[in-house]
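For reference, the structure is listed below as structure tokens.
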Amino acid sequence: MNFNVELLNSLLKKYENSLKNGTASKRRKIALNTDKSKVFAKYHCDNAFDIRPEIEESVKEIENLGFVFCKRNCAELLEVELNYDKINEIYEYLGKELPEIALGKHLSFLQDLERCENCMIAQKYLEFNIDLAKKFSYIHENEIERNINAINEICREKDEILLRNFSKKVFNDSKTFEKLGSVFLTLFNRFGEIIFENFEDLCSYYNIVKTPTFINLKGNVEVVFCNGSKINIADFQYGIGICAKDINKLDKIIVHDDELFTIENYTKYLSFNKTNATIVYLAGYHNNDKNIFLQKIYAGNNHLKYFHYGDIDYGGINIYNNLKAKSEMPFQMYNMDIETMLTHKNYWSKLSNNDQINLKRLKEKFVEHGVLIDFMLENNCKLEQEAIYDMDNLIDFN
């Protein structure tokens with residue numbers, strides 16, 4: 001590379017950094033000292049006397065063009081300073097685009113990107129990049145476009161989809177989404193309302209799963225298929241599992257019990273038993289397939305009372321809210337209260353920083369949980385469902 005080009009690029013890099021931190025408008029001195037700058041490393045090397053004339057001649061050339069001011073001690077070059085008044089000419093000399101023009105093109109690119117009205121995360125990420133660009137600091141456009149497209153697709157996903165199928169759909173590669181898991185976990189945690197502990201939790205919330213979800217149920221229930229065939233679930237002590245993708249084959253679900261319980265954790269589903277109660281394990285957050293299943297129950301069983309039984313932590317409370325809002329069914333919490341917490345104090349776990357942030361946000365959004373959340377925050381505690389020992393409602397596996 002021509003020495004003049006290397007020198008001017010080094011000076012412009014400092015100038016562009018000053019644009020980012022807002023000091024360029026103050027025209028603070030931008031200079032390179034020959035005894036400190038890497039550009040001038042050969043100027044002070046062992047055979048410098050052989051190289052110096054060539055370097056000094058190159059510097060003199062751009063000095064005569066008015067691009068720089070030079071400070072010397074006798075014949076020795078000490079410092080080269082950028083001339084602000086020649087900035088435009090320097091960019092033209094190097095064949096580079098002015099930062100202001102590059103900024104305009106980048107902002108136009110950002111404004112042309114697809115926005116998803118129902119995805120505030122995508123909008124906030126776009127706004128973040130626009131604010132960043134105005135400070136002359138850019139993320140690579142291909143990366144931004146990739147992230148925006150993926151965020152929009154994640155937020156749009158209503159039906160359950162396999163992780164690798166989603167990756168193929170969005171990235172045209174079945175493994176890319178998982179490889180970029182930490183990137184999207186960071187983006188959703190920074191710009192979303194929920195802080196997820198890991199990539200798997202993020203995917204689960206948006207119905208992206210590694211394997212198909214099975215809805216498990218047990219109790220005195222008849223499942224009637226569209227083809228007229230029937231299954232009596234009462235004949236199975238531990239119930240049956242129905243793949244979420246097969247729910248559209250069900251005609252109706254007849255429940256002969258008095259109550260229906262949805263259970264958050266599979267281990268608790270297996271062990272929990274209650275007289276005259278149907279138990280359902282929905283596996284994570286609610287989605288369209290699960291809602292169709294519950295609506296089939298709700299439509300034909302007006303006598304039922306509905307309960308949800310989950311962890312007493314942020315995830316458990318949020319799953320309950322998610323279930324109740326999306327199903328629009330009259331679910332009540334079961335064993336998710338302060339009394340249950342106090343009874344099982346020996347099994348408390350401490351709240352993580354993310355737990356505390358999420359619980360405070362949840363309290364603002366769902367005031368009905370305020371007393372329970374305050375208790376959890378004040379006592380720095382949460383309780384997993386598996387720790388709750390239902391002596392009267394336990395199936396013996398021995």
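For the structure tokens, the naming scheme is as follows: chains receive sequential letters (A, B, ...) according to their order of presentation, residues are indexed from 1 within each chain, and ligands are indexed from 1 in presentation order.
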For region 93-103 of chain A, work out the shell of residues within 7 Å, counting only C-alpha atoms and skipping chain neighbours fewer than 6 positions away, then give it as a PyMOL selection string. chain A and resi 5+133+136
Filtering to all heavy atoms, could you give me those residues as a PDB file, in the first residue's frame?
```
ATOM      1  N   VAL A   5      -1.424   6.733   1.325  1.00  0.00           N
ATOM      2  CA  VAL A   5      -2.762   6.158   1.513  1.00  0.00           C
ATOM      3  C   VAL A   5      -2.899   5.592   2.922  1.00  0.00           C
ATOM      4  O   VAL A   5      -3.906   5.812   3.608  1.00  0.00           O
ATOM      5  CB  VAL A   5      -3.031   5.065   0.456  1.00  0.00           C
ATOM      6  CG1 VAL A   5      -4.343   4.345   0.760  1.00  0.00           C
ATOM      7  CG2 VAL A   5      -3.057   5.666  -0.935  1.00  0.00           C
ATOM      8  N   ALA A 133     -26.595   4.586  13.989  1.00  0.00           N
ATOM      9  CA  ALA A 133     -26.094   5.115  12.722  1.00  0.00           C
ATOM     10  C   ALA A 133     -25.897   6.634  12.784  1.00  0.00           C
ATOM     11  O   ALA A 133     -24.946   7.165  12.210  1.00  0.00           O
ATOM     12  CB  ALA A 133     -27.062   4.760  11.596  1.00  0.00           C
ATOM     13  N   PHE A 136     -22.695   7.660  13.616  1.00  0.00           N
ATOM     14  CA  PHE A 136     -21.708   7.145  12.663  1.00  0.00           C
ATOM     15  C   PHE A 136     -21.106   5.822  13.117  1.00  0.00           C
ATOM     16  O   PHE A 136     -19.936   5.536  12.898  1.00  0.00           O
ATOM     17  CB  PHE A 136     -20.586   8.172  12.421  1.00  0.00           C
ATOM     18  CG  PHE A 136     -21.067   9.419  11.740  1.00  0.00           C
ATOM     19  CD1 PHE A 136     -21.514  10.505  12.478  1.00  0.00           C
ATOM     20  CD2 PHE A 136     -21.087   9.494  10.360  1.00  0.00           C
ATOM     21  CE1 PHE A 136     -21.968  11.662  11.842  1.00  0.00           C
ATOM     22  CE2 PHE A 136     -21.543  10.633   9.714  1.00  0.00           C
ATOM     23  CZ  PHE A 136     -21.982  11.730  10.460  1.00  0.00           C
TER      24      PHE A 136
END
```
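Within 8 Å of region 346-359 of chain A there are Ile194, Ile195, Phe196, Glu197, Asp313, Tyr314, Met341, His344, Arg361, Leu362, Lys363, Ile373, Leu377, Asn380, Cys381, Lys382, Leu383, Glu384 and Ala387 of chain A, counting only C-alpha atoms and ignoring same-chain residues fewer than 2 positions away.
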Could I get the residues of region 269-378 of chain A with an atom no further than 7 Å from an atom of region 231-248 of chain A, each paired with its nearest atom pair and that distance in Å to one decimal, using only C-alpha atoms, sorted by chain and residue number, as CSV?
```
residue,atom,partner,partner_atom,distance
A:Leu270,CA,A:Tyr238,CA,6.4
A:Asp289,CA,A:Ala244,CA,5.8
A:Lys290,CA,A:Ala244,CA,6.8
A:Phe293,CA,A:Ile247,CA,6.3
```
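The smallest atom-to-atom distance between Ala31 (chain A) and any of A:Leu19, A:Ile297, A:Leu82, A:Leu113, using only C-alpha atoms, is found for A:Leu82.
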As a list in words, please: the residues near Ile55 (chain A) (cut-off 9 Å, only C-alpha atoms, same-chain neighbours under 3 positions excluded). Phe3, Asn4, Phe40, Lys42, Tyr43, Ile51, Arg52, Ser58, Val59 and Lys60 of chain A
Please produce an output containing C-alpha atoms for each residue in the selection, written as an mmCIF file, in the first residue's frame.
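What follows is the written file result-v5.cif:
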```
data_model
loop_
_atom_site.group_PDB
_atom_site.id
_atom_site.type_symbol
_atom_site.label_atom_id
_atom_site.label_comp_id
_atom_site.auth_asym_id
_atom_site.auth_seq_id
_atom_site.Cartn_x
_atom_site.Cartn_y
_atom_site.Cartn_z
ATOM 1 C CA PHE A 3 2.512 5.188 2.362
ATOM 2 C CA ASN A 4 0.396 8.293 1.748
ATOM 3 C CA PHE A 40 5.640 5.331 11.302
ATOM 4 C CA LYS A 42 9.827 2.008 10.040
ATOM 5 C CA TYR A 43 10.664 5.670 10.560
ATOM 6 C CA ILE A 51 13.843 4.460 4.627
ATOM 7 C CA ARG A 52 13.290 7.967 6.042
ATOM 8 C CA SER A 58 5.600 10.923 0.672
ATOM 9 C CA VAL A 59 4.541 13.076 3.618
ATOM 10 C CA LYS A 60 5.783 16.194 1.834
#
```
Please identify which residues in region 143-387 of chain A DSSP calls helix (DSSP H, G or I) from the backbone, and express them as a PyMOL selection string. chain A and resi 143-156+163-171+176-179+181-191+199-205+233-235+244-249+266-271+288-300+314-327+338-343+345-347+353-365+367-379+385-387
For Ser37 (chain A): contacts at 12 Å, only C-alpha atoms, fewer than 6 positions along chain excluded, given as number ranges by chain: A: 6-7, 10-11, 14, 31, 43-44, 78-80
May I have the selected residues written with N, CA, C and O atoms, as a short mmCIF file (atom, residue, chain, number, x, y, z; two decimals), in the first residue's frame?
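This went into result31.cif:
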```
data_model
loop_
_atom_site.label_atom_id
_atom_site.label_comp_id
_atom_site.auth_asym_id
_atom_site.auth_seq_id
_atom_site.Cartn_x
_atom_site.Cartn_y
_atom_site.Cartn_z
N GLU A 6 -1.88 4.87 3.37
CA GLU A 6 -1.90 4.29 4.72
C GLU A 6 -1.97 5.38 5.78
O GLU A 6 -2.74 5.29 6.75
N LEU A 7 -1.18 6.44 5.59
CA LEU A 7 -1.15 7.54 6.55
C LEU A 7 -2.49 8.27 6.60
O LEU A 7 -3.04 8.52 7.68
N SER A 10 -5.20 6.24 8.27
CA SER A 10 -5.05 6.22 9.73
C SER A 10 -5.59 7.51 10.35
O SER A 10 -6.25 7.48 11.39
N LEU A 11 -5.34 8.63 9.69
CA LEU A 11 -5.86 9.91 10.18
C LEU A 11 -7.40 9.95 10.06
O LEU A 11 -8.09 10.42 10.97
N LYS A 14 -9.20 8.04 12.80
CA LYS A 14 -9.33 8.84 14.03
C LYS A 14 -10.43 9.88 13.87
O LYS A 14 -11.19 10.17 14.81
N ALA A 31 -4.00 13.95 15.06
CA ALA A 31 -2.60 13.88 14.62
C ALA A 31 -2.00 12.53 14.96
O ALA A 31 -2.51 11.79 15.82
N TYR A 43 9.96 4.38 10.49
CA TYR A 43 10.66 5.67 10.56
C TYR A 43 11.71 5.68 11.68
O TYR A 43 12.65 6.46 11.65
N HIS A 44 11.50 4.79 12.67
CA HIS A 44 12.43 4.74 13.81
C HIS A 44 13.10 3.37 13.95
O HIS A 44 13.64 3.05 15.01
N LEU A 78 8.22 14.92 13.35
CA LEU A 78 7.73 14.60 14.69
C LEU A 78 6.24 14.27 14.72
O LEU A 78 5.80 13.38 15.43
N GLU A 79 5.45 15.00 13.91
CA GLU A 79 4.00 14.86 13.99
C GLU A 79 3.36 15.22 12.67
O GLU A 79 3.82 16.13 11.98
N VAL A 80 2.27 14.50 12.35
CA VAL A 80 1.47 14.82 11.16
C VAL A 80 0.03 15.04 11.61
O VAL A 80 -0.58 14.15 12.21
#
```
Extract, using only C-alpha atoms, all DNA, RNA and protein residues at most 7 Å from Asn207 (chain A), discarding same-chain residues fewer than 5 positions from it, and format them as a ChimeraX atom specification. /A:157-161,287
Using DSSP secondary structure from the backbone, list all strand (DSSP E or B) positions within region 251-347 of chain A, as a list in words. Asp251, Lys252, Ile253, Ile254, Val255, Glu259, Leu260, Phe261, Thr262, Ile263, Phe272, Ala277, Thr278, Ile279, Val280, Tyr281, Lys305, Tyr306, Phe307, His308, Tyr309, Ile312, Phe331, Gln332 and Met333 of chain A
Same residues, C-alpha atoms, output as a short mmCIF file (atom, residue, chain, number, x, y, z; two decimals), in the first residue's frame:
```cif
data_model
loop_
_atom_site.label_atom_id
_atom_site.label_comp_id
_atom_site.auth_asym_id
_atom_site.auth_seq_id
_atom_site.Cartn_x
_atom_site.Cartn_y
_atom_site.Cartn_z
CA ASP A 251 -64.15 -34.28 16.86
CA LYS A 252 -64.95 -33.83 20.55
CA ILE A 253 -63.64 -34.56 24.03
CA ILE A 254 -66.16 -35.69 26.64
CA VAL A 255 -65.04 -35.25 30.25
CA GLU A 259 -62.49 -30.55 37.41
CA LEU A 260 -59.72 -30.12 34.86
CA PHE A 261 -56.12 -29.38 35.84
CA THR A 262 -53.41 -28.23 33.44
CA ILE A 263 -49.97 -29.12 34.80
CA PHE A 272 -50.46 -36.06 40.47
CA ALA A 277 -60.37 -34.68 38.00
CA THR A 278 -58.92 -34.75 34.49
CA ILE A 279 -55.22 -33.92 34.35
CA VAL A 280 -53.62 -32.35 31.26
CA TYR A 281 -49.94 -31.73 30.54
CA LYS A 305 -64.03 -26.13 36.81
CA TYR A 306 -60.59 -25.22 35.46
CA PHE A 307 -57.31 -24.99 37.37
CA HIS A 308 -53.66 -24.49 36.45
CA TYR A 309 -50.90 -25.98 38.59
CA ILE A 312 -44.26 -20.64 41.77
CA PHE A 331 -58.59 -20.95 34.84
CA GLN A 332 -57.69 -20.50 38.48
CA MET A 333 -54.31 -21.07 40.11
#
```
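Nearest residue to Glu386 (chain A) among A:Asn149, A:Asn165, A:Thr267, A:Asn142 is A:Thr267, counting only C-alpha atoms.
Rounded to one decimal, CA of Thr213 (chain A) and CA of Asn265 (chain A) lie 13.3 Å from each other.
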Residue contacts of Asp311 (chain A) (8 Å, only C-alpha atoms) excluding same-chain residues fewer than 4 positions away, as a PDB file with all heavy atoms, in the first residue's frame:
```pdb
ATOM      1  N   GLU A 264     -47.889 -27.867  34.650  1.00  0.00           N
ATOM      2  CA  GLU A 264     -46.729 -27.306  33.941  1.00  0.00           C
ATOM      3  C   GLU A 264     -45.636 -28.333  33.681  1.00  0.00           C
ATOM      4  O   GLU A 264     -45.035 -28.346  32.604  1.00  0.00           O
ATOM      5  CB  GLU A 264     -46.153 -26.128  34.743  1.00  0.00           C
ATOM      6  CG  GLU A 264     -44.930 -25.498  34.092  1.00  0.00           C
ATOM      7  CD  GLU A 264     -44.378 -24.334  34.889  1.00  0.00           C
ATOM      8  OE1 GLU A 264     -45.052 -23.828  35.809  1.00  0.00           O
ATOM      9  OE2 GLU A 264     -43.243 -23.919  34.578  1.00  0.00           O
ATOM     10  N   GLY A 315     -41.613 -18.005  35.456  1.00  0.00           N
ATOM     11  CA  GLY A 315     -42.077 -18.825  34.335  1.00  0.00           C
ATOM     12  C   GLY A 315     -43.444 -19.411  34.590  1.00  0.00           C
ATOM     13  O   GLY A 315     -44.318 -19.392  33.718  1.00  0.00           O
ATOM     14  N   GLY A 316     -43.663 -19.950  35.802  1.00  0.00           N
ATOM     15  CA  GLY A 316     -44.934 -20.569  36.131  1.00  0.00           C
ATOM     16  C   GLY A 316     -46.089 -19.588  36.097  1.00  0.00           C
ATOM     17  O   GLY A 316     -47.162 -19.879  35.548  1.00  0.00           O
ATOM     18  N   ILE A 317     -45.876 -18.410  36.680  1.00  0.00           N
ATOM     19  CA  ILE A 317     -46.933 -17.393  36.694  1.00  0.00           C
ATOM     20  C   ILE A 317     -47.203 -16.896  35.284  1.00  0.00           C
ATOM     21  O   ILE A 317     -48.352 -16.677  34.889  1.00  0.00           O
ATOM     22  CB  ILE A 317     -46.548 -16.225  37.623  1.00  0.00           C
ATOM     23  CG1 ILE A 317     -46.371 -16.715  39.070  1.00  0.00           C
ATOM     24  CG2 ILE A 317     -47.604 -15.125  37.579  1.00  0.00           C
ATOM     25  CD1 ILE A 317     -45.810 -15.674  40.017  1.00  0.00           C
ATOM     26  N   MET A 336     -50.554 -22.389  43.978  1.00  0.00           N
ATOM     27  CA  MET A 336     -49.617 -21.364  43.529  1.00  0.00           C
ATOM     28  C   MET A 336     -49.893 -20.098  44.339  1.00  0.00           C
ATOM     29  O   MET A 336     -50.377 -19.090  43.825  1.00  0.00           O
ATOM     30  CB  MET A 336     -49.759 -21.109  42.025  1.00  0.00           C
ATOM     31  CG  MET A 336     -49.425 -22.307  41.154  1.00  0.00           C
ATOM     32  SD  MET A 336     -49.713 -22.017  39.388  1.00  0.00           S
ATOM     33  CE  MET A 336     -48.424 -20.843  39.001  1.00  0.00           C
ATOM     34  N   LEU A 383     -40.354 -21.500  44.014  1.00  0.00           N
ATOM     35  CA  LEU A 383     -40.585 -22.897  44.367  1.00  0.00           C
ATOM     36  C   LEU A 383     -40.956 -23.686  43.122  1.00  0.00           C
ATOM     37  O   LEU A 383     -41.912 -23.340  42.416  1.00  0.00           O
ATOM     38  CB  LEU A 383     -41.712 -22.999  45.402  1.00  0.00           C
ATOM     39  CG  LEU A 383     -42.049 -24.398  45.934  1.00  0.00           C
ATOM     40  CD1 LEU A 383     -40.889 -24.957  46.754  1.00  0.00           C
ATOM     41  CD2 LEU A 383     -43.318 -24.351  46.788  1.00  0.00           C
ATOM     42  N   GLU A 384     -40.198 -24.749  42.855  1.00  0.00           N
ATOM     43  CA  GLU A 384     -40.519 -25.609  41.719  1.00  0.00           C
ATOM     44  C   GLU A 384     -41.658 -26.551  42.085  1.00  0.00           C
ATOM     45  O   GLU A 384     -41.773 -27.010  43.221  1.00  0.00           O
ATOM     46  CB  GLU A 384     -39.289 -26.414  41.298  1.00  0.00           C
ATOM     47  CG  GLU A 384     -38.187 -25.567  40.686  1.00  0.00           C
ATOM     48  CD  GLU A 384     -37.038 -26.409  40.164  1.00  0.00           C
ATOM     49  OE1 GLU A 384     -36.938 -27.587  40.575  1.00  0.00           O
ATOM     50  OE2 GLU A 384     -36.248 -25.897  39.364  1.00  0.00           O
ATOM     51  N   GLN A 385     -42.458 -26.858  41.110  1.00  0.00           N
ATOM     52  CA  GLN A 385     -43.648 -27.683  41.323  1.00  0.00           C
ATOM     53  C   GLN A 385     -43.295 -29.066  41.868  1.00  0.00           C
ATOM     54  O   GLN A 385     -44.032 -29.621  42.692  1.00  0.00           O
ATOM     55  CB  GLN A 385     -44.403 -27.814  39.993  1.00  0.00           C
ATOM     56  CG  GLN A 385     -45.761 -28.449  40.103  1.00  0.00           C
ATOM     57  CD  GLN A 385     -46.443 -28.510  38.746  1.00  0.00           C
ATOM     58  OE1 GLN A 385     -45.787 -28.672  37.730  1.00  0.00           O
ATOM     59  NE2 GLN A 385     -47.757 -28.373  38.733  1.00  0.00           N
TER      60      GLN A 385
END
```
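CA of Ile121 (chain A) lies 9.1 Å from CA of Ile148 (chain A).
The residue that comes closest to Ile338 (chain A), out of A:Tyr84, A:Tyr285, A:Tyr320, A:Phe375 and on the basis of only C-alpha atoms, is A:Phe375.
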